[in-house]
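Asker: I have a structure here, written as structure tokens, and I will follow up with some questions on it.
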2 protein chains.
Amino acid sequence: MTVNLLKQQISQAISIQDVVAFERCLDIYPIVDIAEALVSFSPEEIAPFFKVADYKQKAELFREFGEVTQYELFELLGPKFIASFFSEVESEVRADFYQSLESEEQEKFLPFLTKKVRADVLKLSEYEPDTAGGNMSTEFLYAIGGDNVEKTARNLKQDYRFRKNITNVYLVDEDMKLKGVISLVDLATANDNMLIDKLADPGPVFSRIDEDQSSVVQKMEKYYLSTIPVLNNQDQLVGVIYHEDMVAIIRKEDTEDLELLMGITQTDEGLDYLDMPSWLHFKKRATWVVSLAAVGIISGYIVHQFESTLDKLIILALYMPMVADTGGNTGSQAATVVIRSLALGEFTHRAWLKVIFKEFKVSLMLAACLGLLAFGKILILSGNTDIPPLLKLWKVALVISAALSMQVITATVIGAALPLTVKKFGGDPAVAASPAITTLVDITGLLIYFFMAVTFLDIDKV
Amino acid sequence: MTVNLLKQQISQAISIQDVVAFERCLDIYPIVDIAEALVSFSPEEIAPFFKVADYKQKAELFREFGEVTQYELFELLGPKFIASFFSEVESEVRADFYQSLESEEQEKFLPFLTKKVRADVLKLSEYEPDTAGGNMSTEFLYAIGGDNVEKTARNLKQDYRFRKNITNVYLVDEDMKLKGVISLVDLATANDNMLIDKLADPGPVFSRIDEDQSSVVQKMEKYYLSTIPVLNNQDQLVGVIYHEDMVAIIRKEDTEDLELLMGITQTDEGLDYLDMPSWLHFKKRATWVVSLAAVGIISGYIVHQFESTLDKLIILALYMPMVADTGGNTGSQAATVVIRSLALGEFTHRAWLKVIFKEFKVSLMLAACLGLLAFGKILILSGNTDIPPLLKLWKVALVISAALSMQVITATVIGAALPLTVKKFGGDPAVAASPAITTLVDITGLLIYFFMAVTFLDIDKV
């Protein structure tokens with residue numbers, strides 16, 4: 001409710017250019033909500049109001065604006081202006097924004113940054129985006145062993161302004177090597193003169209700077225961590241992955257898996273749906289559907305080989321799509337289940353034999369059920385279809401539904417085996433998803449279908 | 001590496017029944033890793049070792065064991081034994097385990113619980129599993145206004161043993177009404193005699209006990225919260241949703257969306273892949289494929305209406321699957337993209353007009369691309385196919401590929417519109433996913449296909 005009220009106030013403030021009213025909103029409402037209320041306005045409309053916010057508020061608003069708005073404000077207000085509050089912006093947000101600039105814009109921007117911020121931005125921009133380094137913050141709380149609780153608290157007081165929801169202080173030695181982790185709750189409730197070393201858990205879980213983001217997230221999930229320290233190869237603490245970074249990684253990876261499963265290609269642009277231009281949407285989707293259509297030439301070739309069979313027994317043509325569709329569906333389901341279980345770490349690819357066996361059992365049940373249904377369907381629908389005198393409808397129905405059952409079994413087992421195989425060879429199992437499987441089982445399905453028809457229906461004699 | 005070493009040590013300890021060696025492992029290694037090493041053994045093998053752990057360790061091990069192992073240990077060791085360490089188990093884990101029991105087992109179990117634990121378990125079991133109440137913990141840190149920092153810290157010291165990664169202390173009044181939230185980092189660094197009320201943020205974001213879990217998660221993501229307080233209808237603080245609960249909800253919802261998209265039905269059992277019996281896997285998948293096959297009767301009926309058309313022009317039968325498949329693929333892609341964007345809150349269903357327009361533009365590009373490809377494919381593959389003398393191959397190819405293009409546009413727009421419509425009427429957009437769309441566009445596709453063939457190819461004359 002308050003968000004709607006805020007939206008009204010802000011849109012009124014903008015329409016009558018009332019900067020004072022906007023400043024009042026800044027004082028009362030959460031920045032996140034203000035940013036949300038601002039998204040429906042153009043950067044030109046936003047700019048004069050953005051200017052009146054204080055440095056901290058500018059930094060927070062900037063974080064909330066999407067990549068597109070950030071860039072447009074940069075164009076509109078110039079590098080010097082953006083640089084003026086850049087030291088207040090979170091380290092990862094800074095690095096992401098910097099990386100989104102063209103190299104000549106980067107060159108224009110860098111001189112306006114303070115030495116410290118510049119070094120931090122350049123350093124963070126070096127790490128691959130899907131590693132621990134590419135997702136970490138360089139702001140974190142640390143304490144040097146040997147101090148007591150009171151002194152540590154005094155030191156921290158100057159440092160921690162960057163965020164509120166912190167759980168830990170990291171214990172390091174003079175070379176910044178990680179020695180332990182101290183829970184803030186322990187620190188807050190300990191006696192003032194206690195040595196902080198005694199509060200520390202000496203063997204904290206950590207991640208390496210070049211570690212893959214999905215491995216980092218799995219570690220955090222396994223040990224119920226909301227933050228994880230990131231070490232470089234000299235065991236020095238260089239950053240921390242916080243709760244919200246972890247959530248962002250999970251969201252990103254789940255979206256990727258889902259898209260891969262639907263044959264949607266990944267791009268580097270992290271754009272929201274409406275921000276992404278139509279041609280980019282087209283590009284992301286076309287790759288697969290076009291390749292699939294191209295590979296479909298193989299299925300087309302097989303069908304053409306059996307053209308005379310189809311010509312003699314048109315009923316076979318009528319049920320060809322049913323067999324192909326059912327195979328694609330059951331195969332995709334098996335693949336989905338296996339890919340998701342692998343992603344959630346429910347089993348490793350070493351359990352492949354158990355998985356294939358289980359899928360085989362599931363496929364037998366599905367095959368029985370779907371085969372029976374198909375048999376009934378053909379009897380009902382095709383009562384009036386032309387069938388050569390030597391054949392009986394029930395016999396044709398039996399062969400078609402048996403082929404469908406065979407296809408369900410093959411497709412399910414292929415659907416489960418493919419992601420396991422890709423994983424075994426170190427790939428992302430999600431690539432062996434729906435599209436690949438649909439294509440593959442289309443081919444196996446047609447082969448099974450025509451093989452059974454030719455073998456059991458004596459088509460050459462009819 | 002250490003995990004592998006631990007696994008060796010534990011499997012050796014179990015094989016020679018060396019309880020002392022196991023106790024040593026309990027002292028050295030994280031409980032999570034020990035639980036992981038134990039999963040490959042049967043409950044009978046685990047039980048004697050489980051017994052030697054202390055209460056706290058038993059509770060943590062119990063949390064890690066899956067539902068199946070928990071239940072088998074309950075059967076094996078009896079309700080009294082499980083109840084003996086139950087007060088150390090986390091509140092949500094307790095409630096989940098209790099709910100997994102049959103009602104007569106619940107009756108046997110309850111008398112062994114302490115009054116406090118029993119009340120907590122029964123209370124938590126009342127909430128729907130997909131609400132804030134169903135996911136919250138009843139353990140949290142709170143402080144009553146009017147105390148100073150030192151006194152608060154002293155009070156907390158007795159309370160907080162339940163977990164380490166805490167970010168906040170909640171400020172309440174004497175009726176447990178939420179008045180504010182205090183960052184632990186503020187508390188840890190404040191002067192001893194400061195009034196805690198001054199440290200509190202007076203307007204914290206909270207959730208209601210009956211609030212839907214996806215709305216809770218969206219709030220936490222929006223405001224970058226790692227924990228959120230849960231209030232009842234009297235504004236009293238009754239629980240907290242922690243970081244790992246949030247992650248579990250996200251994982252659960254993403255899995256659900258993925259499964260819905262593939263036509264896999266949800267069940268209440270939260271079983272891992274290998275723990276789930278084959279018939280349950282079958283049940284989860286059969287619902288959709290069977291319904292789809294049943295609805296396929298409509299497509300079958302349409303095809304039969306045009307049997308004589310197909311008989312005259314067998315080439316139409318050959319390309320029927322291609323048109324159906326392409327429609328299914330492009331429609332599913334559009335639905336996937338829209339469903340995911342809705343789930344991530346990238347837009348609301350109010351932006352439907354923009355979305356449909358964007359999808360329309362994307363579909364035009366896809367239609368052009370795929371139509372052209374289909375035209376070429378038909379010319380290449382069907383050079384030798386029988387075509388009635390009055391018709392030319394290029395003309396047939398043109399009509400088929402035009403129908404395919406029309407189908408791509410229709411399917412994409414339907415794919416985008418369906419989840420938006422479901423969302424508008426308050427449903428979960430993911431149900432309007434792949435299966436539903438495939439079925440729907442199969443029908444529209446066939447109608448377009450035969451309509452165009454009959455209209456432009458003068459089939460009755462050939």
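By convention here, the chains of the structure tokens are called A, B, ... in the order presented, each chain's residues are numbered starting at 1, and ligands are numbered starting at 1 in the order presented.
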Write down, as a VMD selection string, each residue of chain A that has any atom within 6 Å of an atom of chain B, counting only C-alpha atoms.

Answerer: chain A and resid 153 157 164 to 167 183 188 to 189 224 244 262 278 282 321 333 362

Asker: Output N, CA and C atoms for every residue in the selection just made, as a PDB file, in the first residue's frame.

Answerer:
ATOM      1  N   ALA A 153      35.999  -4.242  18.629  1.00  0.00           N
ATOM      2  CA  ALA A 153      34.740  -3.527  18.415  1.00  0.00           C
ATOM      3  C   ALA A 153      35.008  -2.073  18.033  1.00  0.00           C
ATOM      4  N   LYS A 157      34.042  -0.318  14.361  1.00  0.00           N
ATOM      5  CA  LYS A 157      33.108   0.793  14.334  1.00  0.00           C
ATOM      6  C   LYS A 157      33.376   1.741  13.172  1.00  0.00           C
ATOM      7  N   LYS A 164      24.475  -3.469   6.712  1.00  0.00           N
ATOM      8  CA  LYS A 164      23.925  -3.746   8.028  1.00  0.00           C
ATOM      9  C   LYS A 164      23.836  -5.244   8.326  1.00  0.00           C
ATOM     10  N   ASN A 165      23.460  -6.040   7.335  1.00  0.00           N
ATOM     11  CA  ASN A 165      23.191  -7.455   7.640  1.00  0.00           C
ATOM     12  C   ASN A 165      24.453  -8.316   7.537  1.00  0.00           C
ATOM     13  N   ILE A 166      25.277  -8.199   8.562  1.00  0.00           N
ATOM     14  CA  ILE A 166      26.549  -8.914   8.597  1.00  0.00           C
ATOM     15  C   ILE A 166      26.453  -9.986   9.668  1.00  0.00           C
ATOM     16  N   THR A 167      27.050 -11.148   9.393  1.00  0.00           N
ATOM     17  CA  THR A 167      27.015 -12.216  10.386  1.00  0.00           C
ATOM     18  C   THR A 167      28.372 -12.481  11.024  1.00  0.00           C
ATOM     19  N   SER A 183      31.679 -15.279  14.868  1.00  0.00           N
ATOM     20  CA  SER A 183      30.278 -14.881  14.734  1.00  0.00           C
ATOM     21  C   SER A 183      30.069 -13.550  15.432  1.00  0.00           C
ATOM     22  N   ALA A 188      29.306  -9.854  20.064  1.00  0.00           N
ATOM     23  CA  ALA A 188      28.417  -8.912  20.741  1.00  0.00           C
ATOM     24  C   ALA A 188      28.159  -9.299  22.192  1.00  0.00           C
ATOM     25  N   THR A 189      28.265 -10.594  22.493  1.00  0.00           N
ATOM     26  CA  THR A 189      27.908 -11.038  23.837  1.00  0.00           C
ATOM     27  C   THR A 189      29.125 -11.441  24.674  1.00  0.00           C
ATOM     28  N   TYR A 224      25.083 -24.386   5.242  1.00  0.00           N
ATOM     29  CA  TYR A 224      24.130 -23.370   5.722  1.00  0.00           C
ATOM     30  C   TYR A 224      24.798 -22.022   5.965  1.00  0.00           C
ATOM     31  N   GLU A 244      23.038 -11.990  -0.537  1.00  0.00           N
ATOM     32  CA  GLU A 244      22.289 -11.586  -1.732  1.00  0.00           C
ATOM     33  C   GLU A 244      23.035 -11.931  -3.025  1.00  0.00           C
ATOM     34  N   MET A 262      14.948 -25.268 -22.647  1.00  0.00           N
ATOM     35  CA  MET A 262      14.007 -24.881 -23.682  1.00  0.00           C
ATOM     36  C   MET A 262      14.733 -24.427 -24.944  1.00  0.00           C
ATOM     37  N   SER A 278      14.091  -6.736 -29.214  1.00  0.00           N
ATOM     38  CA  SER A 278      13.464  -7.911 -29.820  1.00  0.00           C
ATOM     39  C   SER A 278      14.450  -8.780 -30.603  1.00  0.00           C
ATOM     40  N   PHE A 282      15.162 -12.684 -30.310  1.00  0.00           N
ATOM     41  CA  PHE A 282      15.132 -13.545 -31.484  1.00  0.00           C
ATOM     42  C   PHE A 282      16.403 -14.382 -31.565  1.00  0.00           C
ATOM     43  N   PRO A 321       2.778 -38.310 -35.955  1.00  0.00           N
ATOM     44  CA  PRO A 321       3.048 -37.221 -34.997  1.00  0.00           C
ATOM     45  C   PRO A 321       2.845 -37.657 -33.553  1.00  0.00           C
ATOM     46  N   GLN A 333      10.947 -35.145 -20.050  1.00  0.00           N
ATOM     47  CA  GLN A 333      10.653 -35.260 -18.615  1.00  0.00           C
ATOM     48  C   GLN A 333      11.794 -35.959 -17.890  1.00  0.00           C
ATOM     49  N   VAL A 362      10.383 -46.762 -14.488  1.00  0.00           N
ATOM     50  CA  VAL A 362       9.356 -45.739 -14.705  1.00  0.00           C
ATOM     51  C   VAL A 362       8.830 -45.818 -16.138  1.00  0.00           C
TER      52      VAL A 362
END

Asker: For region 106-110 of chain A, find every residue with an atom within 9 Å (counting only C-alpha atoms), except residues of its own chain fewer than 2 positions away, and show them as number ranges by chain.

Answerer: A: 78-80, 82-83, 98-99, 101-104, 112-114, 118

Asker: Give me the residues within 12 Å of Glu45 (chain A) as a list in words, counting only C-alpha atoms and dropping any in the same chain fewer than 2 places off.

Answerer: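 Surrounding residues, per the criterion: Ile10, Ser11, Ala13, Ile14, Ser15, Ile16, Gln17, Asp18, Val19, Leu38, Val39, Ser40, Phe41, Ser42, Pro43, Ala47, Pro48, Phe49, Phe50, Lys51, Thr69, Glu72, Leu73 and Leu76 of chain A.
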
Asker: Show which residues sit within 10 Å of Gln213 (chain B), as a list in words. Count only C-alpha atoms, and ignore same-chain residues fewer than 5 positions away.

Answerer: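 Residues meeting the cut-off are Glu128, Pro129, Asp130, Thr131, Ala132, Gly133, Gly134, Asn135, Ser207, Gln218, Lys219, Met246, Ile249, Ile250 and Glu253 of chain B.
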
Asker: Using DSSP secondary structure from the backbone, list all helix (DSSP H, G or I) positions within region 121-352 of chain B, as an MDAnalysis selection string.

Answerer: chainID B and resid 121:126 132:135 149:162 184:189 196:199 213:222 243:261 278:305 307:312 314:343 349:352

Asker: Residues of region 77-204 of chain B classed as strand (DSSP E) by DSSP on the backbone are to be reported as an MDAnalysis selection string.

Answerer: chainID B and resid 142:144 168:172 178:183

Asker: For the selection you just gave me, I'd like the residues written to a file as a short mmCIF file (atom, residue, chain, number, x, y, z; two decimals), in the first residue's frame, keeping C-alpha atoms.

Answerer:
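Final output, result.cif:
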data_model
loop_
_atom_site.label_atom_id
_atom_site.label_comp_id
_atom_site.auth_asym_id
_atom_site.auth_seq_id
_atom_site.Cartn_x
_atom_site.Cartn_y
_atom_site.Cartn_z
CA TYR B 142 14.86 -10.49 20.65
CA ALA B 143 15.28 -7.70 23.15
CA ILE B 144 12.79 -5.62 25.04
CA ASN B 168 19.71 -9.10 13.78
CA VAL B 169 18.12 -8.78 17.16
CA TYR B 170 14.43 -7.87 17.07
CA LEU B 171 13.17 -5.13 19.34
CA VAL B 172 9.78 -5.93 20.87
CA LEU B 178 7.62 -5.90 16.87
CA LYS B 179 9.00 -2.38 17.36
CA GLY B 180 12.19 -2.43 15.36
CA VAL B 181 15.23 -4.32 14.21
CA ILE B 182 18.77 -3.94 15.53
CA SER B 183 21.79 -4.99 13.46
#

Asker: Report, in Å to a single decimal, how far apart CA of Tyr55 (chain B) and CA of Leu199 (chain A) are.

Answerer: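 Computing it gives 22.5 Å between the two atoms.
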
Asker: For a quick check of understanding, using only C-alpha atoms, which of B:Ile448, B:Ala37, B:Val93, B:Leu237 has the smallest distance to Ala59 (chain B)?

Answerer: B:Val93

Asker: One decimal, Å: what's the distance from CA of Leu231 (chain B) over to CA of Ile241 (chain A), could you say?

Answerer: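 Answer for the CA of Leu231 (chain B) to CA of Ile241 (chain A) separation: 29.5 Å.
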
Asker: What is the CA of Gly445 (chain B) to CA of Val396 (chain B) distance in Å?

Answerer: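 It comes out at 17.0 Å.
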